[in-house]
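Structure data follow from input.tsv (TSV, C-alpha atoms (C1' of nucleotides)):
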chain	number	residue	atom	x	y	z
P	1	MET	CA	24.13	5.59	7.91
P	2	GLN	CA	27.18	3.98	6.43
P	3	ALA	CA	29.00	2.74	9.55
P	4	SER	CA	26.09	0.70	10.84
P	5	ALA	CA	25.17	-0.46	7.34
P	6	ASN	CA	28.68	-1.86	6.94
P	7	PHE	CA	28.38	-3.50	10.32
P	8	THR	CA	25.25	-5.42	9.34
P	9	LYS	CA	26.67	-6.28	5.91
P	10	ALA	CA	29.77	-7.70	7.55
P	11	ILE	CA	27.69	-9.80	9.93
P	12	HIS	CA	25.75	-11.07	6.93
P	13	ILE	CA	28.98	-12.08	5.21
P	14	CYS	CA	30.32	-13.93	8.24
P	15	ILE	CA	27.11	-15.87	8.83
P	16	TYR	CA	26.88	-16.70	5.15
P	17	ILE	CA	30.43	-18.08	4.99
P	18	ASN	CA	29.97	-19.99	8.21
P	19	LEU	CA	26.67	-21.46	7.09
P	20	LYS	CA	28.10	-22.70	3.79
P	21	GLY	CA	31.27	-23.96	5.47
P	22	LYS	CA	33.52	-23.54	2.47
P	23	LEU	CA	35.38	-20.95	0.40
P	24	ILE	CA	32.95	-18.39	-0.93
P	25	PRO	CA	33.89	-16.06	-3.80
P	26	SER	CA	33.04	-12.37	-3.65
P	27	SER	CA	30.66	-12.79	-6.60
P	28	GLN	CA	28.43	-15.08	-4.57
P	29	LEU	CA	28.50	-12.81	-1.52
P	30	ALA	CA	27.71	-9.85	-3.76
P	31	GLU	CA	24.64	-11.60	-5.10
P	32	SER	CA	23.45	-12.34	-1.60
P	33	LEU	CA	24.05	-8.72	-0.50
P	34	LYS	CA	22.57	-7.30	-3.72
P	35	THR	CA	25.72	-5.39	-4.43
P	36	ASN	CA	28.82	-5.99	-6.46
P	37	PRO	CA	31.98	-8.03	-5.89
P	38	VAL	CA	34.33	-5.08	-5.51
P	39	VAL	CA	32.16	-3.59	-2.81
P	40	VAL	CA	32.27	-6.93	-0.99
P	41	ARG	CA	36.03	-7.18	-1.31
P	42	ARG	CA	36.44	-3.64	-0.01
P	43	LEU	CA	34.34	-4.46	3.02
P	44	ILE	CA	36.17	-7.74	3.60
P	45	ALA	CA	39.45	-5.81	3.51
P	46	LEU	CA	38.38	-4.29	6.86
P	47	LEU	CA	37.63	-7.73	8.30
P	48	ARG	CA	40.93	-9.06	7.03
P	49	LYS	CA	42.84	-6.39	8.96
P	50	HIS	CA	41.16	-7.66	12.11
P	51	ASN	CA	41.91	-11.32	11.37
P	52	ILE	CA	38.27	-12.20	10.99
P	53	ILE	CA	38.23	-13.26	7.35
P	54	GLY	CA	40.99	-14.73	5.18
P	55	SER	CA	41.20	-15.16	1.46
P	56	VAL	CA	42.56	-17.63	-1.10
P	57	SER	CA	43.58	-16.18	-4.45
P	58	GLY	CA	43.34	-17.88	-7.79
P	59	SER	CA	40.81	-20.11	-9.44
P	60	GLN	CA	38.42	-21.75	-6.99
P	61	GLY	CA	39.56	-19.24	-4.42
P	62	GLY	CA	37.39	-17.18	-2.12
P	63	PHE	CA	36.87	-16.20	1.49
P	64	HIS	CA	36.74	-18.09	4.75
P	65	LEU	CA	36.63	-17.34	8.47
P	66	LEU	CA	40.06	-17.09	10.04
P	67	ARG	CA	38.88	-18.26	13.45
P	68	PRO	CA	36.26	-20.68	14.79
P	69	ALA	CA	32.86	-18.98	14.47
P	70	LYS	CA	32.43	-19.25	18.21
P	71	GLU	CA	35.39	-16.91	18.61
P	72	ILE	CA	34.06	-14.18	16.32
P	73	SER	CA	31.75	-11.84	18.19
P	74	LEU	CA	29.58	-8.96	17.03
P	75	TRP	CA	31.92	-6.73	18.99
P	76	ASN	CA	34.89	-7.91	16.88
P	77	ILE	CA	32.94	-7.11	13.73
P	78	PHE	CA	31.73	-3.81	15.12
P	79	GLU	CA	35.29	-2.72	15.84
P	80	ALA	CA	36.50	-3.88	12.44
P	81	THR	CA	33.85	-1.90	10.58
P	82	LYS	CA	33.45	1.30	12.55
P	83	GLU	CA	36.43	3.15	11.02
P	84	GLU	CA	35.75	6.60	12.49
P	85	GLU	CA	34.75	7.53	16.02
P	86	PHE	CA	31.39	6.12	16.97
P	87	PHE	CA	30.06	9.45	18.22
P	88	HIS	CA	31.53	11.56	15.53
P	89	ARG	CA	31.96	15.29	15.71
P	90	PRO	CA	32.19	17.60	12.72
P	91	LYS	CA	34.29	20.73	12.31
P	92	VAL	CA	35.44	22.61	15.39
P	93	ASN	CA	35.07	26.36	15.70
P	94	HIS	CA	38.11	27.50	17.64
P	95	GLU	CA	36.56	30.89	18.27
P	96	CYS	CA	33.67	29.40	20.19
P	97	VAL	CA	34.19	28.24	23.76
P	98	VAL	CA	31.45	25.63	23.47
P	99	SER	CA	32.77	24.17	20.23
P	100	SER	CA	36.43	24.19	21.21
P	101	ASN	CA	35.75	22.40	24.49
P	102	LEU	CA	33.01	20.04	23.40
P	103	SER	CA	35.14	16.98	22.64
P	104	GLY	CA	36.69	17.21	26.07
P	105	LEU	CA	33.32	17.71	27.74
P	106	LEU	CA	31.82	14.68	26.05
P	107	PHE	CA	34.75	12.30	26.02
P	108	ASP	CA	33.94	10.41	29.22
P	109	ALA	CA	30.23	10.07	28.54
P	110	PHE	CA	30.77	8.87	24.97
P	111	GLN	CA	33.45	6.43	26.02
P	112	GLU	CA	31.25	4.99	28.74
P	113	ALA	CA	28.31	4.67	26.39
P	114	GLU	CA	30.35	2.88	23.76
P	115	ARG	CA	31.98	0.62	26.33
P	116	SER	CA	28.63	-0.35	27.80
P	117	MET	CA	27.75	-1.99	24.49
P	118	LYS	CA	30.86	-4.11	24.46
P	119	PRO	CA	29.74	-6.97	26.75
P	120	LYS	CA	26.38	-7.11	25.00
P	121	LEU	CA	27.94	-7.48	21.57
P	122	LYS	CA	30.82	-9.59	22.84
P	123	LYS	CA	28.57	-12.39	23.99
P	124	VAL	CA	26.91	-12.87	20.60
P	125	SER	CA	29.04	-14.98	18.28
P	126	ILE	CA	28.75	-15.89	14.62
P	127	ALA	CA	28.39	-19.51	15.74
P	128	PHE	CA	25.40	-18.58	17.91
P	129	LEU	CA	23.73	-16.63	15.12
P	130	THR	CA	24.36	-19.37	12.56
P	131	ASN	CA	22.79	-21.95	14.85
P	132	LYS	CA	19.82	-19.70	15.47
P	133	LEU	CA	19.42	-19.33	11.72
P	134	LYS	CA	19.65	-23.09	11.17
P	135	LYS	CA	16.75	-23.57	13.57
P	136	ILE	CA	14.68	-20.97	11.76
P	137	ILE	CA	15.38	-22.57	8.40
P	138	GLY	CA	14.49	-25.98	9.83
P	139	GLU	CA	11.16	-24.72	11.18
P	140	LYS	CA	10.37	-23.05	7.90
P	141	GLU	CA	11.06	-26.20	5.95
P	142	VAL	CA	8.66	-28.05	8.21
P	143	SER	CA	5.91	-25.45	7.80
P	144	GLU	CA	6.50	-25.39	4.04
P	145	ALA	CA	6.17	-29.17	4.02
P	146	ILE	CA	2.89	-28.96	5.96
P	147	LYS	CA	1.56	-26.33	3.55
P	148	GLY	CA	2.42	-28.70	0.74
P	149	VAL	CA	0.47	-31.55	2.31
P	150	PHE	CA	-2.67	-29.61	3.11
U	1	MET	CA	28.26	9.77	9.77
U	2	GLN	CA	25.25	12.07	9.88
U	3	ALA	CA	23.29	10.67	12.84
U	4	SER	CA	26.12	11.07	15.34
U	5	ALA	CA	27.16	14.41	13.82
U	6	ASN	CA	23.65	15.73	14.43
U	7	PHE	CA	23.79	14.39	17.95
U	8	THR	CA	26.92	16.36	18.80
U	9	LYS	CA	25.63	19.48	17.03
U	10	ALA	CA	22.43	19.30	19.06
U	11	ILE	CA	24.40	18.98	22.30
U	12	HIS	CA	26.44	22.00	21.24
U	13	ILE	CA	23.26	24.00	20.67
U	14	CYS	CA	21.76	23.08	24.03
U	15	ILE	CA	24.92	23.93	25.97
U	16	TYR	CA	25.28	27.18	24.07
U	17	ILE	CA	21.73	28.29	24.81
U	18	ASN	CA	22.02	27.25	28.43
U	19	LEU	CA	25.34	29.02	28.88
U	20	LYS	CA	24.03	32.30	27.49
U	21	GLY	CA	20.77	31.96	29.42
U	22	LYS	CA	18.64	33.92	27.00
U	23	LEU	CA	16.90	33.70	23.62
U	24	ILE	CA	19.45	32.88	20.93
U	25	PRO	CA	18.66	33.40	17.24
U	26	SER	CA	19.56	30.75	14.67
U	27	SER	CA	22.03	33.14	13.04
U	28	GLN	CA	24.15	33.17	16.19
U	29	LEU	CA	23.98	29.39	16.62
U	30	ALA	CA	24.91	28.98	12.97
U	31	GLU	CA	28.01	31.09	13.43
U	32	SER	CA	29.03	29.03	16.41
U	33	LEU	CA	28.46	25.77	14.51
U	34	LYS	CA	30.08	27.10	11.33
U	35	THR	CA	27.00	26.40	9.34
U	36	ASN	CA	23.96	28.34	8.26
U	37	PRO	CA	20.75	29.37	10.02
U	38	VAL	CA	18.42	27.13	8.05
U	39	VAL	CA	20.52	24.09	8.89
U	40	VAL	CA	20.31	25.04	12.56
U	41	ARG	CA	16.54	25.52	12.39
U	42	ARG	CA	16.15	22.17	10.67
U	43	LEU	CA	18.12	20.47	13.42
U	44	ILE	CA	16.23	22.33	16.14
U	45	ALA	CA	12.98	21.13	14.54
U	46	LEU	CA	13.93	17.64	15.76
U	47	LEU	CA	14.57	18.92	19.28
U	48	ARG	CA	11.29	20.82	19.25
U	49	LYS	CA	9.36	17.62	18.52
U	50	HIS	CA	10.87	16.18	21.68
U	51	ASN	CA	10.10	19.22	23.81
U	52	ILE	CA	13.73	20.04	24.35
U	53	ILE	CA	13.91	23.41	22.62
U	54	GLY	CA	11.23	26.04	22.11
U	55	SER	CA	11.14	29.07	19.86
U	56	VAL	CA	9.86	32.61	19.90
U	57	SER	CA	8.98	34.14	16.55
U	58	GLY	CA	9.30	37.73	15.55
U	59	SER	CA	11.84	40.42	16.19
U	60	GLN	CA	14.14	39.70	19.14
U	61	GLY	CA	12.94	36.11	18.98
U	62	GLY	CA	15.06	32.99	19.05
U	63	PHE	CA	15.45	29.67	20.81
U	64	HIS	CA	15.43	28.58	24.43
U	65	LEU	CA	15.40	25.36	26.43
U	66	LEU	CA	11.90	24.10	27.18
U	67	ARG	CA	12.94	22.40	30.42
U	68	PRO	CA	15.45	23.04	33.17
U	69	ALA	CA	18.90	22.05	31.86
U	70	LYS	CA	19.17	19.50	34.63
U	71	GLU	CA	16.24	17.67	33.08
U	72	ILE	CA	17.70	17.46	29.60
U	73	SER	CA	19.97	14.45	29.27
U	74	LEU	CA	22.23	13.29	26.47
U	75	TRP	CA	19.84	10.36	26.09
U	76	ASN	CA	16.95	12.76	25.39
U	77	ILE	CA	19.04	14.47	22.73
U	78	PHE	CA	20.25	11.16	21.33
U	79	GLU	CA	16.68	9.96	20.88
U	80	ALA	CA	15.59	13.24	19.34
U	81	THR	CA	18.35	13.20	16.74
U	82	LYS	CA	18.73	9.57	15.78
U	83	GLU	CA	15.84	9.45	13.26
U	84	GLU	CA	16.53	6.01	11.76
U	85	GLU	CA	17.39	2.78	13.53
U	86	PHE	CA	20.66	2.99	15.38
U	87	PHE	CA	22.01	-0.21	13.83
U	88	HIS	CA	20.67	0.31	10.41
U	89	ARG	CA	20.32	-2.41	7.79
U	90	PRO	CA	20.25	-1.78	4.09
U	91	LYS	CA	18.20	-3.59	1.43
U	92	VAL	CA	17.01	-7.09	2.13
U	93	ASN	CA	17.42	-9.88	-0.39
U	94	HIS	CA	14.33	-12.02	-0.01
U	95	GLU	CA	15.90	-14.85	-2.00
U	96	CYS	CA	18.69	-15.27	0.54
U	97	VAL	CA	18.01	-17.06	3.82
U	98	VAL	CA	20.69	-15.10	5.61
U	99	SER	CA	19.49	-11.73	4.40
U	100	SER	CA	15.81	-12.39	4.92
U	101	ASN	CA	16.31	-13.56	8.49
U	102	LEU	CA	19.06	-11.17	9.56
U	103	SER	CA	16.90	-8.49	11.19
U	104	GLY	CA	15.23	-11.12	13.32
U	105	LEU	CA	18.53	-12.74	14.21
U	106	LEU	CA	20.05	-9.47	15.32
U	107	PHE	CA	17.09	-7.75	16.93
U	108	ASP	CA	17.73	-8.81	20.53
U	109	ALA	CA	21.45	-8.12	20.45
U	110	PHE	CA	21.02	-4.71	18.88
U	111	GLN	CA	18.28	-3.75	21.25
U	112	GLU	CA	20.34	-4.79	24.26
U	113	ALA	CA	23.36	-2.90	22.99
U	114	GLU	CA	21.40	0.28	22.42
U	115	ARG	CA	19.62	-0.02	25.75
U	116	SER	CA	22.89	-0.48	27.60
U	117	MET	CA	23.87	3.04	26.59
U	118	LYS	CA	20.74	4.57	27.98
U	119	PRO	CA	21.71	4.84	31.69
U	120	LYS	CA	25.14	6.17	30.72
U	121	LEU	CA	23.71	8.93	28.58
U	122	LYS	CA	20.74	9.50	30.86
U	123	LYS	CA	22.92	10.55	33.77
U	124	VAL	CA	24.70	13.31	31.86
U	125	SER	CA	22.63	16.49	31.71
U	126	ILE	CA	23.03	19.77	29.89
U	127	ALA	CA	23.30	21.43	33.32
U	128	PHE	CA	26.22	19.16	34.22
U	129	LEU	CA	28.03	19.82	30.96
U	130	THR	CA	27.46	23.56	31.18
U	131	ASN	CA	28.91	23.66	34.69
U	132	LYS	CA	31.88	21.60	33.59
U	133	LEU	CA	32.43	24.07	30.77
U	134	LYS	CA	32.18	27.04	33.11
U	135	LYS	CA	34.96	25.57	35.22
U	136	ILE	CA	37.15	25.08	32.17
U	137	ILE	CA	36.54	28.63	30.99
U	138	GLY	CA	37.33	29.92	34.47
U	139	GLU	CA	40.62	28.05	34.58
U	140	LYS	CA	41.54	29.25	31.13
U	141	GLU	CA	40.86	32.84	32.04
U	142	VAL	CA	43.16	32.46	35.01
U	143	SER	CA	45.94	30.97	32.91
U	144	GLU	CA	45.44	33.64	30.23
U	145	ALA	CA	45.72	36.27	32.94
U	146	ILE	CA	48.95	34.73	34.21
U	147	LYS	CA	50.35	34.68	30.68
U	148	GLY	CA	49.48	38.34	30.42
U	149	VAL	CA	51.35	39.17	33.59
U	150	PHE	CA	54.53	37.26	32.80
H	1	DA	C1'	52.27	-24.41	-20.66
H	2	DT	C1'	47.83	-22.34	-21.16
H	3	DT	C1'	43.45	-21.20	-19.75
H	4	DT	C1'	40.26	-19.91	-16.34
H	5	DA	C1'	38.68	-18.13	-12.09
H	6	DT	C1'	39.83	-15.81	-8.49
H	7	DT	C1'	41.73	-11.75	-5.16
H	8	DG	C1'	43.45	-6.87	-4.40
H	9	DT	C1'	43.37	-2.46	-5.53
H	10	DA	C1'	43.43	1.76	-8.21
H	11	DA	C1'	40.99	4.91	-11.00
H	12	DC	C1'	36.98	6.52	-12.55
H	13	DA	C1'	31.73	7.21	-12.96
H	14	DT	C1'	27.28	7.43	-11.09
H	15	DA	C1'	23.91	7.81	-7.59
H	16	DT	C1'	22.50	9.18	-3.18
H	17	DT	C1'	22.50	12.05	0.62
H	18	DA	C1'	23.71	15.99	3.26
H	19	DA	C1'	24.41	20.74	3.44
H	20	DG	C1'	23.76	25.20	1.85
H	21	DT	C1'	20.88	28.83	-0.34
H	22	DT	C1'	17.02	31.51	-1.72
H	23	DA	C1'	12.53	32.78	-1.13
H	24	DT	C1'	8.33	33.67	1.22
H	25	DA	C1'	4.58	33.62	4.60
H	26	DT	C1'	4.05	34.54	9.41
H	27	DT	C1'	4.99	36.63	13.80
H	28	DT	C1'	6.07	40.18	17.12
H	29	DA	C1'	8.94	43.81	19.30
H	30	DA	C1'	10.22	48.45	18.70
Q	1	DT	C1'	4.88	50.37	9.99
Q	2	DT	C1'	9.31	48.63	9.95
Q	3	DA	C1'	12.76	45.38	11.27
Q	4	DA	C1'	14.13	41.07	12.85
Q	5	DA	C1'	12.88	36.85	13.83
Q	6	DT	C1'	10.94	31.69	12.87
Q	7	DA	C1'	9.14	27.81	9.76
Q	8	DT	C1'	9.34	25.62	5.82
Q	9	DA	C1'	9.42	24.62	0.89
Q	10	DA	C1'	11.99	24.40	-3.22
Q	11	DC	C1'	16.10	24.38	-5.29
Q	12	DT	C1'	21.36	24.08	-5.87
Q	13	DT	C1'	25.76	22.53	-4.70
Q	14	DA	C1'	28.95	19.67	-2.36
Q	15	DA	C1'	30.28	15.55	-0.20
Q	16	DT	C1'	30.04	10.79	0.25
Q	17	DA	C1'	28.90	6.20	-0.80
Q	18	DT	C1'	28.30	2.90	-4.16
Q	19	DG	C1'	29.11	0.84	-8.43
Q	20	DT	C1'	32.11	-0.14	-12.51
Q	21	DT	C1'	36.05	-1.04	-15.23
Q	22	DA	C1'	40.55	-2.41	-15.56
Q	23	DC	C1'	44.48	-4.94	-14.63
Q	24	DA	C1'	48.35	-7.20	-12.09
Q	25	DA	C1'	49.00	-11.28	-9.31
Q	26	DT	C1'	47.90	-15.92	-8.15
Q	27	DA	C1'	46.77	-20.70	-8.33
Q	28	DA	C1'	43.77	-24.52	-9.80
Q	29	DA	C1'	42.37	-27.23	-13.71
Q	30	DT	C1'	43.25	-29.02	-18.04
The structure given in the file should be rewritten as structure tokens.
Amino acid sequence: MQASANFTKAIHICIYINLKGKLIPSSQLAESLKTNPVVVRRLIALLRKHNIIGSVSGSQGGFHLLRPAKEISLWNIFEATKEEEFFHRPKVNHECVVSSNLSGLLFDAFQEAERSMKPKLKKVSIAFLTNKLKKIIGEKEVSEAIKGVF
Amino acid sequence: MQASANFTKAIHICIYINLKGKLIPSSQLAESLKTNPVVVRRLIALLRKHNIIGSVSGSQGGFHLLRPAKEISLWNIFEATKEEEFFHRPKVNHECVVSSNLSGLLFDAFQEAERSMKPKLKKVSIAFLTNKLKKIIGEKEVSEAIKGVF
DNA sequence: ATTTATTGTAACATATTAAGTTATATTTAA
DNA sequence: TTAAATATAACTTAATATGTTACAATAAAT
């Protein structure tokens, strides 16, 4: 569960920061993610290593995107948050010919599968998602307004 | 972690059964996987639902492939073992516009990414992997034999 | 200068989930 | 009829993820 949950949380954080367009403290992100500031900072630490998010310490500090949102793709975030191998394999039994050869047997197929996702995730940027969200919010506001009138 | 760990365990089981070419009891599979028979049976229950593995109860019973190994692909096993959404999203915060719209925003991209893996995993069958393994075992036996001689 | 609000990170605690175990009904070969 | 299997439920233990507290470092605001 965890790997993909971190992935979606990280996307959330990036869109949120981009949408607000200013420094956002971990406390605010934590509220939005229904978690706590340390958890947010731990997750952002992964994004920092990949030059996706930067931070400003001290009072009035917080987090911001390190690159234009158009240049941050889902693939970048995916790589930053995956940590372990995507198709992960538990303990090897060296006394079993199947077990001891399995990684080798599967390497090519797993690599191909993972690589096939790259162009699909690469083409979706935080800028694109933020714009899509802005449209949704706009439409909602209109429909809310109509509800109010009728 | 778990989803992909189950995926590789299930592949292990299918190759093992195919390689031996007979009914294999859960105790033997458990030994090979360094786990315990109930864990194996629980995992096989998922494969049974997808008509990949069948069982024979009673003495001398065990598990067997329900289809020719050539017709069991990594994609079939992937689908049988994934259980939850591949790109899983934790709790939604309905008071946050980002959180409440995120699933919708990401749906297309995630679906495309997952679908892009399908042909890659579809083309790799248990028959193919078993043959590949047989070649490796053959080579090893030769090199072992040479070691023995020199 | 001092206070306040922030990050970064370590250490610890709690909660959740996965894995392992025991037990038992059912099945079937020997 | 016995022995060796599966299927599955209920329970226990272990592993992992999440949450919390604490505190040093930093920098803005006063």
**OP:** Just give me the residues with any atom within 8 Å of (32.8, -8.2, 18.3), file coordinates, counting only C-alpha atoms (C1' of nucleotides), written as a PyMOL selection string.
**Re:** chain P and resi 72-79+118+121-122+124-125
Subject >> Surrounding residues of segment 10-27 of chain H excluding itself and chain neighbours under 2 positions, 10 Å, all atoms listed in the file, as a ChimeraX atom specification >> reply: /P:1 /U:2,35-39,56-59,61 /H:8,29 /Q:5-23
Subject >> 7 Å contacts from chain U to chain P using all atoms listed in the file, as an MDAnalysis selection string >> reply: chainID U and resid 1:2 4:5 8 12 16 32:34 87:90 93 96 98:99 105 109 112:113 116:117 120:121 129
Original post:
DA30 of chain H: which residues within 10 Å, counting all atoms listed in the file, same-chain residues fewer than 5 positions away excluded, as number ranges by chain?
Top reply: U: 59-60; Q: 2-3
**OP:** For atom CA of Arg67 of chain P and atom CA of Ile52 of chain P, quote the distance in Å rounded to one decimal.
**Re:** 6.6 Å
Expected answer as a PDB file with C-alpha atoms (C1' of nucleotides), in the frame of the given file: chain Q residues within 6 Å of chain P, only C-alpha atoms (C1' of nucleotides):
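Dumped everything to part.pdb:
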ATOM      1  C1'  DT Q  26      47.900 -15.920  -8.150  1.00  0.00           C
ATOM      2  C1'  DA Q  27      46.770 -20.700  -8.330  1.00  0.00           C
ATOM      3  C1'  DA Q  28      43.770 -24.520  -9.800  1.00  0.00           C
TER       4       DA Q  28
END
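Interatomic distance, atom CA of Ala127 of chain P to atom CA of Ala69 of chain P: 4.7 Å.
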**OP:** Please provide as a ChimeraX atom specification all residues within 12 Å of Ser55 of chain P, with the sequence filter that same-chain residues fewer than 6 positions apart are discarded (counting only C-alpha atoms (C1' of nucleotides)).
**Re:** /P:17,22-26,41,44-45,47-49,61-66 /H:6-8 /Q:26
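Here atom CA of Pro68 of chain P is placed at a distance of 24.2 Å from atom CA of Ser100 of chain U.
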Subject >> P:Leu29, P:Asn131, P:Arg42, P:Ala10 ranked by distance to chain H, top pick (using all atoms listed in the file) >> reply: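 Nearest candidate to chain H out of P:Leu29, P:Asn131, P:Arg42, P:Ala10: P:Arg42.
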